[in-house]
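So this one's coords.cif, mmCIF, C-alpha atoms:
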data_protein
#
loop_
_atom_site.label_atom_id
_atom_site.label_comp_id
_atom_site.auth_asym_id
_atom_site.auth_seq_id
_atom_site.Cartn_x
_atom_site.Cartn_y
_atom_site.Cartn_z
CA MET A 1 -45.90 -51.21 -6.69
CA SER A 2 -47.20 -50.95 -3.13
CA ASN A 3 -44.32 -48.55 -2.54
CA GLY A 4 -45.28 -46.49 -5.57
CA LEU A 5 -43.32 -45.99 -8.76
CA GLY A 6 -39.71 -44.81 -8.69
CA VAL A 7 -38.87 -42.55 -11.63
CA ALA A 8 -35.56 -41.59 -13.22
CA VAL A 9 -34.55 -39.50 -16.23
CA ILE A 10 -31.36 -40.17 -18.17
CA GLY A 11 -30.25 -36.89 -19.73
CA ALA A 12 -30.36 -33.47 -18.08
CA GLY A 13 -30.44 -31.37 -21.26
CA MET A 14 -33.33 -29.36 -22.68
CA ALA A 15 -35.72 -32.25 -23.39
CA GLY A 16 -34.50 -34.16 -20.32
CA ARG A 17 -35.60 -31.28 -18.11
CA ALA A 18 -39.01 -31.35 -19.83
CA HIS A 19 -39.37 -35.04 -18.92
CA ALA A 20 -38.18 -34.39 -15.36
CA ALA A 21 -40.73 -31.61 -14.87
CA ALA A 22 -43.47 -33.71 -16.49
CA TYR A 23 -43.14 -36.53 -13.95
CA HIS A 24 -43.29 -33.89 -11.23
CA VAL A 25 -46.74 -32.71 -12.37
CA ALA A 26 -48.17 -35.99 -13.69
CA SER A 27 -49.89 -36.86 -10.41
CA THR A 28 -51.80 -33.55 -10.46
CA LEU A 29 -53.41 -34.31 -13.82
CA TYR A 30 -56.74 -36.15 -14.05
CA ASP A 31 -58.45 -38.77 -11.95
CA PRO A 32 -58.08 -41.42 -10.66
CA THR A 33 -55.01 -40.76 -8.57
CA LEU A 34 -51.81 -42.42 -9.71
CA PRO A 35 -49.85 -44.61 -7.30
CA PRO A 36 -47.32 -42.58 -5.31
CA ILE A 37 -44.63 -41.29 -7.67
CA ARG A 38 -41.12 -41.13 -6.24
CA LEU A 39 -38.77 -38.82 -8.15
CA VAL A 40 -35.58 -40.77 -7.57
CA SER A 41 -32.74 -39.81 -9.91
CA ILE A 42 -31.51 -37.77 -12.84
CA ALA A 43 -28.47 -39.22 -14.59
CA ASP A 44 -26.12 -37.32 -16.84
CA ILE A 45 -22.48 -37.62 -17.78
CA ASN A 46 -22.15 -33.94 -16.83
CA GLU A 47 -22.32 -33.71 -13.04
CA GLU A 48 -23.16 -30.00 -13.01
CA PHE A 49 -26.13 -30.41 -15.35
CA GLY A 50 -27.36 -33.51 -13.52
CA THR A 51 -27.14 -32.18 -9.98
CA LEU A 52 -28.77 -28.86 -10.91
CA ALA A 53 -31.66 -30.64 -12.65
CA ALA A 54 -32.16 -33.06 -9.74
CA ARG A 55 -32.31 -30.17 -7.27
CA ARG A 56 -34.54 -28.02 -9.47
CA PHE A 57 -37.17 -30.69 -10.15
CA GLY A 58 -37.16 -32.38 -6.75
CA TYR A 59 -35.35 -35.63 -7.50
CA GLU A 60 -33.65 -37.42 -4.64
CA ARG A 61 -30.23 -37.81 -6.22
CA TYR A 62 -27.93 -37.51 -9.20
CA ASP A 63 -26.33 -40.53 -10.89
CA SER A 64 -23.44 -40.35 -13.33
CA THR A 65 -24.22 -43.35 -15.60
CA TRP A 66 -27.19 -45.16 -17.04
CA GLN A 67 -25.78 -48.36 -15.53
CA ASP A 68 -26.40 -46.85 -12.07
CA ILE A 69 -30.06 -46.40 -13.02
CA ALA A 70 -30.35 -49.94 -14.40
CA ALA A 71 -28.90 -51.42 -11.19
CA ALA A 72 -31.03 -49.35 -8.80
CA ASP A 73 -33.71 -51.29 -6.91
CA ASP A 74 -35.70 -48.12 -6.16
CA ILE A 75 -36.31 -47.21 -9.83
CA ASP A 76 -39.14 -48.64 -11.96
CA VAL A 77 -39.70 -46.11 -14.76
CA VAL A 78 -37.02 -44.38 -16.86
CA SER A 79 -37.07 -41.72 -19.56
CA VAL A 80 -34.14 -41.91 -21.99
CA VAL A 81 -33.37 -38.42 -23.32
CA VAL A 82 -29.82 -38.46 -24.70
CA ALA A 83 -28.12 -38.40 -28.10
CA ASN A 84 -29.93 -40.65 -30.58
CA SER A 85 -26.83 -42.75 -31.19
CA LEU A 86 -26.82 -43.79 -27.51
CA HIS A 87 -30.44 -44.93 -27.33
CA ARG A 88 -30.03 -48.58 -28.27
CA GLU A 89 -27.44 -49.58 -25.66
CA ILE A 90 -29.23 -47.74 -22.87
CA VAL A 91 -32.75 -48.90 -23.75
CA GLU A 92 -31.71 -52.54 -24.11
CA GLY A 93 -29.82 -52.41 -20.82
CA LEU A 94 -32.76 -50.90 -18.97
CA LEU A 95 -35.28 -53.39 -20.39
CA ALA A 96 -32.99 -56.26 -19.44
CA ALA A 97 -32.92 -54.82 -15.90
CA GLY A 98 -36.73 -54.82 -15.77
CA LYS A 99 -37.27 -51.07 -16.11
CA HIS A 100 -40.18 -49.55 -18.02
CA VAL A 101 -38.72 -47.23 -20.66
CA LEU A 102 -39.98 -44.05 -22.34
CA CYS A 103 -37.51 -43.21 -25.11
CA GLU A 104 -37.37 -39.88 -26.90
CA LYS A 105 -37.85 -39.89 -30.64
CA PRO A 106 -36.35 -40.86 -32.99
CA LEU A 107 -35.53 -44.34 -31.73
CA SER A 108 -31.98 -44.19 -33.10
CA ASP A 109 -29.86 -42.54 -35.76
CA SER A 110 -29.67 -45.92 -37.55
CA LEU A 111 -32.62 -47.75 -39.10
CA SER A 112 -31.00 -51.14 -38.53
CA GLU A 113 -30.56 -50.39 -34.83
CA ALA A 114 -34.15 -49.14 -34.59
CA ARG A 115 -35.39 -52.43 -36.06
CA GLU A 116 -33.44 -54.37 -33.45
CA MET A 117 -34.76 -52.10 -30.68
CA ALA A 118 -38.34 -52.69 -31.83
CA ARG A 119 -37.77 -56.46 -31.87
CA ILE A 120 -36.32 -56.48 -28.36
CA ALA A 121 -39.07 -54.19 -27.06
CA ASP A 122 -41.72 -56.52 -28.48
CA GLU A 123 -40.21 -59.45 -26.59
CA ALA A 124 -39.53 -57.60 -23.32
CA ALA A 125 -41.77 -57.86 -20.27
CA PRO A 126 -41.43 -54.18 -19.23
CA LEU A 127 -43.15 -51.51 -21.30
CA ALA A 128 -41.12 -49.75 -23.99
CA ARG A 129 -42.68 -46.61 -25.44
CA VAL A 130 -41.69 -43.59 -27.58
CA GLY A 131 -42.54 -39.97 -26.82
CA PHE A 132 -44.64 -38.60 -29.70
CA THR A 133 -45.42 -35.52 -27.65
CA PHE A 134 -47.54 -33.57 -30.13
CA ARG A 135 -50.19 -36.30 -30.16
CA ARG A 136 -51.28 -34.76 -26.87
CA THR A 137 -51.66 -31.20 -28.14
CA PRO A 138 -55.37 -30.34 -27.81
CA GLY A 139 -55.52 -28.30 -31.05
CA ILE A 140 -54.00 -31.11 -33.12
CA ALA A 141 -56.26 -33.71 -31.48
CA TYR A 142 -59.30 -31.52 -32.12
CA ILE A 143 -58.48 -31.21 -35.82
CA ARG A 144 -58.21 -35.00 -35.91
CA GLU A 145 -61.69 -35.23 -34.36
CA LEU A 146 -63.07 -32.84 -36.97
CA ILE A 147 -61.62 -35.01 -39.74
CA GLN A 148 -62.76 -38.34 -38.32
CA SER A 149 -66.25 -37.12 -37.37
CA GLY A 150 -66.87 -35.97 -40.94
CA THR A 151 -67.11 -32.27 -40.01
CA LEU A 152 -64.05 -31.60 -42.16
CA GLY A 153 -64.31 -34.92 -43.93
CA LYS A 154 -61.93 -36.59 -46.33
CA VAL A 155 -58.41 -35.14 -46.43
CA LEU A 156 -57.38 -33.73 -49.79
CA HIS A 157 -54.05 -32.06 -49.02
CA PHE A 158 -51.77 -31.57 -46.01
CA SER A 159 -49.15 -28.80 -46.03
CA GLY A 160 -46.76 -28.64 -43.08
CA ARG A 161 -43.47 -27.16 -41.99
CA TYR A 162 -41.34 -27.23 -38.89
CA TRP A 163 -38.87 -24.35 -38.91
CA THR A 164 -36.31 -23.87 -36.12
CA ASP A 165 -33.35 -21.52 -35.87
CA TYR A 166 -31.05 -23.15 -33.32
CA ALA A 167 -28.39 -23.80 -35.97
CA SER A 168 -28.84 -20.65 -38.04
CA SER A 169 -25.65 -19.08 -36.66
CA PRO A 170 -22.36 -20.43 -38.05
CA GLN A 171 -21.02 -19.97 -34.49
CA ALA A 172 -23.47 -22.50 -33.04
CA PRO A 173 -21.11 -25.07 -31.48
CA MET A 174 -20.52 -28.55 -32.79
CA SER A 175 -22.57 -31.20 -30.95
CA TRP A 176 -23.99 -34.67 -31.54
CA ARG A 177 -26.89 -33.07 -33.44
CA PHE A 178 -24.56 -32.29 -36.35
CA LYS A 179 -23.10 -35.80 -36.66
CA GLY A 180 -24.61 -38.82 -38.43
CA GLU A 181 -25.72 -40.10 -41.79
CA PRO A 182 -27.93 -38.14 -44.25
CA GLY A 183 -31.38 -37.63 -42.79
CA SER A 184 -30.20 -37.67 -39.17
CA GLY A 185 -30.14 -33.86 -38.92
CA ALA A 186 -33.14 -31.56 -39.23
CA LEU A 187 -35.18 -34.33 -40.85
CA ALA A 188 -34.81 -36.64 -37.84
CA ASP A 189 -34.85 -33.89 -35.22
CA VAL A 190 -38.00 -31.99 -36.17
CA GLY A 191 -39.14 -33.83 -39.29
CA SER A 192 -39.94 -36.80 -37.07
CA HIS A 193 -42.51 -34.65 -35.23
CA LEU A 194 -44.05 -33.27 -38.42
CA THR A 195 -44.42 -36.70 -40.03
CA TYR A 196 -46.07 -38.46 -37.10
CA VAL A 197 -48.43 -35.49 -36.71
CA ALA A 198 -49.34 -35.77 -40.41
CA GLU A 199 -50.08 -39.49 -40.10
CA PHE A 200 -52.01 -38.88 -36.85
CA LEU A 201 -54.33 -36.62 -38.86
CA CYS A 202 -54.31 -38.06 -42.37
CA GLY A 203 -53.52 -41.76 -42.00
CA ASP A 204 -50.49 -43.64 -43.27
CA MET A 205 -48.29 -42.32 -46.05
CA VAL A 206 -47.89 -44.85 -48.85
CA SER A 207 -45.01 -43.18 -50.71
CA VAL A 208 -42.69 -40.17 -50.68
CA ALA A 209 -41.01 -38.31 -53.53
CA GLY A 210 -39.10 -35.11 -54.24
CA GLY A 211 -36.81 -35.67 -51.27
CA ARG A 212 -34.07 -33.08 -50.87
CA LEU A 213 -31.50 -32.66 -48.09
CA ALA A 214 -29.19 -29.67 -47.79
CA THR A 215 -26.31 -28.80 -45.49
CA THR A 216 -26.07 -25.03 -45.63
CA ILE A 217 -23.43 -24.53 -42.91
CA THR A 218 -20.78 -27.12 -43.60
CA GLU A 219 -18.43 -26.55 -40.63
CA ARG A 220 -18.97 -25.65 -36.99
CA PRO A 221 -16.56 -24.63 -34.20
CA VAL A 222 -15.71 -26.99 -31.38
CA ALA A 223 -17.16 -25.90 -28.04
CA LEU A 224 -14.87 -24.93 -25.19
CA GLY A 225 -17.34 -26.28 -22.63
CA ALA A 226 -20.29 -28.62 -22.30
CA VAL A 227 -23.27 -27.93 -24.57
CA MET A 228 -26.82 -28.34 -23.26
CA GLY A 229 -29.62 -28.64 -25.79
CA HIS A 230 -29.50 -25.79 -28.29
CA ASP A 231 -27.37 -23.53 -26.10
CA HIS A 232 -24.59 -21.44 -27.57
CA VAL A 233 -21.34 -21.51 -25.59
CA GLU A 234 -17.84 -20.19 -26.11
CA VAL A 235 -16.12 -21.90 -29.02
CA SER A 236 -12.57 -22.49 -30.20
CA ASP A 237 -11.01 -21.76 -33.58
CA VAL A 238 -11.09 -25.47 -34.43
CA LEU A 239 -13.76 -26.38 -37.00
CA GLU A 240 -15.33 -29.78 -37.60
CA PRO A 241 -17.43 -30.84 -40.60
CA VAL A 242 -21.21 -31.03 -40.32
CA GLU A 243 -22.27 -34.49 -41.44
CA ASN A 244 -26.04 -34.23 -41.75
CA ASP A 245 -28.82 -32.01 -43.03
CA ASP A 246 -29.76 -28.46 -42.02
CA TYR A 247 -32.82 -28.49 -44.29
CA ALA A 248 -35.12 -31.10 -45.82
CA THR A 249 -38.20 -31.11 -48.01
CA PHE A 250 -40.36 -33.79 -49.65
CA ASN A 251 -43.82 -34.64 -50.93
CA ALA A 252 -45.96 -37.55 -49.79
CA GLU A 253 -48.92 -39.59 -50.94
CA PHE A 254 -51.33 -40.77 -48.27
CA ALA A 255 -53.80 -43.59 -48.78
CA GLN A 256 -56.19 -40.65 -49.10
CA GLY A 257 -54.77 -37.29 -50.19
CA SER A 258 -51.33 -35.77 -50.69
CA GLY A 259 -48.90 -33.71 -48.63
CA SER A 260 -45.93 -31.36 -48.76
CA PHE A 261 -43.33 -31.03 -46.01
CA GLU A 262 -40.46 -28.67 -45.16
CA VAL A 263 -38.18 -28.72 -42.12
CA SER A 264 -35.21 -26.56 -41.15
CA ARG A 265 -32.84 -25.87 -38.27
CA VAL A 266 -31.47 -22.72 -39.97
CA ALA A 267 -34.69 -20.68 -40.30
CA ALA A 268 -33.69 -17.42 -38.62
CA GLY A 269 -36.47 -15.91 -36.54
CA HIS A 270 -38.33 -19.20 -36.08
CA ALA A 271 -37.35 -20.61 -32.71
CA ASN A 272 -40.00 -23.35 -32.75
CA THR A 273 -42.48 -23.01 -35.59
CA LEU A 274 -44.46 -26.19 -36.16
CA THR A 275 -47.37 -25.19 -38.36
CA PHE A 276 -49.64 -26.96 -40.82
CA GLU A 277 -52.80 -26.55 -42.84
CA VAL A 278 -55.00 -29.50 -43.73
CA PHE A 279 -57.46 -29.11 -46.59
CA CYS A 280 -60.53 -31.37 -46.61
CA GLU A 281 -63.68 -31.89 -48.62
CA ASN A 282 -65.75 -29.77 -46.20
CA GLY A 283 -63.22 -27.11 -45.26
CA ALA A 284 -59.77 -26.69 -43.75
CA ALA A 285 -57.92 -26.15 -40.46
CA VAL A 286 -54.68 -24.46 -39.41
CA PHE A 287 -52.46 -25.15 -36.39
CA ASP A 288 -49.49 -23.01 -35.32
CA GLN A 289 -47.36 -24.05 -32.34
CA ARG A 290 -46.69 -20.39 -31.57
CA ARG A 291 -50.41 -20.06 -30.75
CA PRO A 292 -51.12 -23.49 -29.26
CA ALA A 293 -54.28 -22.48 -27.38
CA GLU A 294 -56.24 -22.00 -30.61
CA ILE A 295 -56.80 -23.31 -34.12
CA GLN A 296 -58.11 -21.63 -37.26
CA LEU A 297 -61.10 -23.38 -38.83
CA PHE A 298 -62.76 -22.89 -42.22
CA LEU A 299 -66.02 -24.67 -43.03
CA ASN A 300 -67.94 -24.60 -46.31
CA ASP A 301 -71.15 -23.67 -44.48
CA GLY A 302 -72.10 -20.22 -45.73
CA PRO A 303 -72.03 -17.87 -48.71
CA SER A 304 -68.54 -17.17 -50.00
CA LYS A 305 -68.88 -13.43 -49.44
CA THR A 306 -69.17 -13.94 -45.66
CA ASN A 307 -67.26 -17.17 -45.19
CA GLY A 308 -63.67 -17.34 -43.96
CA TYR A 309 -61.38 -18.74 -41.33
CA ARG A 310 -62.65 -18.46 -37.74
CA GLN A 311 -60.56 -18.47 -34.58
CA VAL A 312 -61.44 -21.33 -32.21
CA ILE A 313 -60.14 -20.81 -28.66
CA LEU A 314 -59.48 -24.15 -26.99
CA GLY A 315 -61.17 -25.02 -23.70
CA PRO A 316 -62.82 -27.83 -21.70
CA GLU A 317 -64.94 -28.99 -24.65
CA HIS A 318 -61.79 -29.83 -26.60
CA PRO A 319 -59.52 -32.88 -26.16
CA TYR A 320 -57.48 -33.45 -23.00
CA ILE A 321 -58.24 -30.14 -21.25
CA SER A 322 -61.26 -30.90 -19.05
CA GLY A 323 -60.13 -32.44 -15.77
CA GLY A 324 -56.51 -32.29 -16.87
CA LEU A 325 -55.12 -28.81 -16.32
CA ALA A 326 -55.51 -27.43 -12.80
CA MET A 327 -57.43 -24.50 -14.30
CA ASP A 328 -59.32 -26.08 -17.17
CA ALA A 329 -61.33 -23.02 -18.20
CA PRO A 330 -61.66 -21.57 -21.72
CA GLY A 331 -58.88 -19.18 -22.70
CA VAL A 332 -56.39 -20.36 -20.07
CA GLY A 333 -53.95 -21.56 -22.70
CA PHE A 334 -51.87 -24.62 -23.37
CA GLY A 335 -48.24 -25.12 -24.35
CA GLN A 336 -45.64 -27.72 -25.27
CA ASN A 337 -44.57 -28.17 -21.65
CA ASP A 338 -48.14 -29.20 -20.80
CA ALA A 339 -47.96 -31.86 -23.52
CA PHE A 340 -44.92 -33.40 -21.81
CA GLY A 341 -46.95 -33.59 -18.59
CA TYR A 342 -49.78 -35.35 -20.40
CA GLN A 343 -47.25 -37.71 -21.97
CA ALA A 344 -45.78 -38.64 -18.58
CA ARG A 345 -49.27 -39.13 -17.17
CA ALA A 346 -50.24 -41.47 -20.02
CA PHE A 347 -47.07 -43.53 -19.59
CA LEU A 348 -47.45 -43.82 -15.81
CA GLU A 349 -51.12 -44.81 -16.21
CA GLU A 350 -50.11 -47.65 -18.50
CA VAL A 351 -47.31 -48.80 -16.19
CA ALA A 352 -49.73 -48.71 -13.23
CA GLY A 353 -52.36 -50.70 -15.13
CA LEU A 354 -54.94 -47.89 -15.17
CA ASP A 355 -56.98 -48.60 -18.29
CA ALA A 356 -56.81 -45.29 -20.21
CA ALA A 357 -58.13 -43.59 -17.09
CA SER A 358 -57.69 -40.07 -18.42
CA SER A 359 -58.65 -40.77 -22.07
CA LEU A 360 -55.18 -39.61 -23.09
CA PRO A 361 -53.75 -41.53 -26.05
CA ARG A 362 -51.20 -44.11 -25.01
CA CYS A 363 -47.57 -43.39 -25.79
CA ALA A 364 -46.38 -44.74 -29.13
CA THR A 365 -44.98 -48.26 -29.24
CA PHE A 366 -41.50 -49.00 -30.51
CA ALA A 367 -43.19 -50.45 -33.61
CA GLU A 368 -44.69 -47.01 -34.25
CA GLY A 369 -41.30 -45.42 -33.56
CA LEU A 370 -39.78 -47.77 -36.15
CA ARG A 371 -42.50 -46.84 -38.64
CA ASN A 372 -41.56 -43.18 -38.21
CA MET A 373 -37.90 -43.94 -38.84
CA GLU A 374 -38.74 -46.00 -41.94
CA LEU A 375 -40.65 -43.01 -43.28
CA LEU A 376 -37.71 -40.66 -42.65
CA ASN A 377 -35.34 -43.18 -44.24
CA ALA A 378 -37.55 -43.25 -47.34
CA VAL A 379 -37.18 -39.46 -47.59
CA ALA A 380 -33.38 -39.79 -47.35
CA GLN A 381 -33.47 -42.51 -50.03
CA SER A 382 -35.54 -40.26 -52.28
CA ALA A 383 -33.03 -37.43 -51.82
CA GLN A 384 -30.09 -39.72 -52.62
CA ALA A 385 -31.90 -40.88 -55.77
CA GLY A 386 -32.49 -37.33 -57.02
CA GLY A 387 -36.04 -37.06 -55.73
CA LYS A 388 -37.39 -40.34 -57.05
CA GLN A 389 -40.50 -41.88 -55.53
CA VAL A 390 -39.97 -44.37 -52.70
CA THR A 391 -42.81 -46.68 -51.68
CA LEU A 392 -43.38 -47.35 -47.98
#

Please re-express this file's structure in structure tokens.
Amino acid sequence: MSNGLGVAVIGAGMAGRAHAAAYHVASTLYDPTLPPIRLVSIADINEEFGTLAARRFGYERYDSTWQDIAAADDIDVVSVVVANSLHREIVEGLLAAGKHVLCEKPLSDSLSEAREMARIADEAAPLARVGFTFRRTPGIAYIRELIQSGTLGKVLHFSGRYWTDYASSPQAPMSWRFKGEPGSGALADVGSHLTYVAEFLCGDMVSVAGGRLATTITERPVALGAVMGHDHVEVSDVLEPVENDDYATFNAEFAQGSGSFEVSRVAAGHANTLTFEVFCENGAAVFDQRRPAEIQLFLNDGPSKTNGYRQVILGPEHPYISGGLAMDAPGVGFGQNDAFGYQARAFLEEVAGLDAASSLPRCATFAEGLRNMELLNAVAQSAQAGGKQVTL
């Protein structure tokens, strides 16, 4: 480590670029200073995507395969940001090569493969972590503080939704996102975020019920070129069947309180709407990803005729902001890209042996990633059983 930490990102798509940019800014966040970070390589099967990303984010080179990354002596830390079905082979190969791995969620599109990945990660010497990015969103972390400190108090009811519209057009091209078993669609893609956020705030779910999965657009055209992220490209007249879910909903029972959940990738007009309301014994709070620099807070602390939700603008007194952002003043704002930077910083701190130097939460373990997949699998089981309750 005397030479610093060499970093690579496998996958140059939408989320891959977020990881690449995050490592670029990680050294500018917080004290103490990280070891020197060398931005070494971005790997992607598509040379155009990979070379453009490497040039844009200041990486030394482009590699065409994950095996190149595993074999490279100048790389120590790797983010894996590719199709879920490819995670296991790549992660296991990188760990065997001694690389520290940050894998995007969900761990896999198969619960059995996720279990094997968690077992191997537990036995591996290098670190293996999962990116639960929204754990580093100041507004969400602040609501958690209000619950745990007793200000909001015991959770009674959580109501959340994650609506996206990237698949709302029938002309959205076929990609890996539309292939896989039931529950590997919208539920895995954005439902994974909503469920770990809910457990971050409310504690573990003990059962789910009322599961329902729906595929509302059953066929999609084959793309005439490479597809990056949610991009729409020219398509052919050839149609392929959609195998997984466009929409999912379910109810949950926590050890304390209940919850309702709805996720969609066909919600027109909602590009990225993660929003929830948590109702507690002393009040309630609202978070909306479209306004990430604030929360809405209701406290039972006044007469009903004057009481109501108040807007709380996030600033240095709230989690993660003071000493983190270059301009850490009230009202500056905070977005999802910043959360990726915090995530990279937390992972690099752990690799470097800095003991929670920035007070950022550590990245999730593979055991936590497996827990999230078991929860999503329970929802799929409930849906297949006509909405019956499934115990976790």

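Using only C-alpha atoms, the nearest neighbour of Ser258 of chain A within the list A:Asn84, A:Asn46, A:Asn3, A:Ser207 is A:Ser207.
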
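All protein, DNA and RNA residues at most 8 Å from (-50.2, -26.7, -42.6) are Phe158, Ser159, Gly160, Arg161, Thr275, Phe276, Glu277, Val278, Val286 and Phe287 of chain A, using all atoms listed in the file.
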
Near-segment 367-379 of chain A list (7 Å; all atoms listed in the file; drop same-chain fewer than 4 positions) as a PyMOL selection string: chain A and resi 106-107+111+114-115+118+130+183+188+192+196+208+211+250+383+390+392

Distance query Cys280 of chain A at most 6 Å, all atoms listed in the file, self and fewer than 3 positions along chain excluded, as a VMD selection string: chain A and resid 152 to 156 283 to 284

10 Å contact set for segment 136-139 of chain A, only C-alpha atoms, chain neighbours under 3 positions out, as JSON, numbers by chain: {"A": [132, 133, 142, 143, 144, 145, 285, 286, 287, 288, 289, 291, 292, 293, 294, 295, 296, 312, 313, 314, 315, 316, 318, 319, 320, 321, 334, 335, 336, 338, 339, 340, 341, 342, 343, 346, 360, 361, 362, 363]}

Chain and number of each residue from the PyMOL selection byres ((chain A and resi 219-222) around 9), as an MDAnalysis selection string: chainID A and resid 170:175 178 217:218 223:225 234:243

Nearest residue to Cys202 of chain A from the set A:Pro182, A:Gly150, A:Gly259, A:Pro32 (distances using only C-alpha atoms): A:Gly259

What do you get, as a PDB file with C-alpha atoms, keeping the file's coordinate frame, if you spell out every residue that the PyMOL selection byres ((chain A and resi 73) around 12) selects here?
ATOM      1  CA  ASN A   3     -44.320 -48.550  -2.540  1.00  0.00           C
ATOM      2  CA  LEU A   5     -43.320 -45.990  -8.760  1.00  0.00           C
ATOM      3  CA  GLY A   6     -39.710 -44.810  -8.690  1.00  0.00           C
ATOM      4  CA  VAL A   7     -38.870 -42.550 -11.630  1.00  0.00           C
ATOM      5  CA  ALA A   8     -35.560 -41.590 -13.220  1.00  0.00           C
ATOM      6  CA  VAL A  40     -35.580 -40.770  -7.570  1.00  0.00           C
ATOM      7  CA  SER A  41     -32.740 -39.810  -9.910  1.00  0.00           C
ATOM      8  CA  ASP A  68     -26.400 -46.850 -12.070  1.00  0.00           C
ATOM      9  CA  ILE A  69     -30.060 -46.400 -13.020  1.00  0.00           C
ATOM     10  CA  ALA A  70     -30.350 -49.940 -14.400  1.00  0.00           C
ATOM     11  CA  ALA A  71     -28.900 -51.420 -11.190  1.00  0.00           C
ATOM     12  CA  ALA A  72     -31.030 -49.350  -8.800  1.00  0.00           C
ATOM     13  CA  ASP A  74     -35.700 -48.120  -6.160  1.00  0.00           C
ATOM     14  CA  ILE A  75     -36.310 -47.210  -9.830  1.00  0.00           C
ATOM     15  CA  ASP A  76     -39.140 -48.640 -11.960  1.00  0.00           C
ATOM     16  CA  VAL A  77     -39.700 -46.110 -14.760  1.00  0.00           C
ATOM     17  CA  ALA A  97     -32.920 -54.820 -15.900  1.00  0.00           C
ATOM     18  CA  GLY A  98     -36.730 -54.820 -15.770  1.00  0.00           C
ATOM     19  CA  LYS A  99     -37.270 -51.070 -16.110  1.00  0.00           C
TER      20      LYS A  99
END

d(atom CA of Phe254 of chain A, atom CA of Ile120 of chain A) in Å: 29.5 Å

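The closest residue to Leu348 of chain A, picked from A:Leu94, A:Val101, A:Val206, A:Ala268 and counting all atoms listed in the file, is A:Val101.
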
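Between Thr215 of chain A and the residues A:Gln256, A:Asn251, A:Asn244, A:Asn337, the shortest atom-to-atom distance, using only C-alpha atoms, involves A:Asn244.
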
For Arg265 of chain A: contacts at 6 Å, all atoms listed in the file, fewer than 6 positions along chain excluded, given as number ranges by chain: A: 164-167, 186, 246

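Between atom CA of Ser85 of chain A and atom CA of Glu104 of chain A the interatomic distance comes to 11.7 Å.
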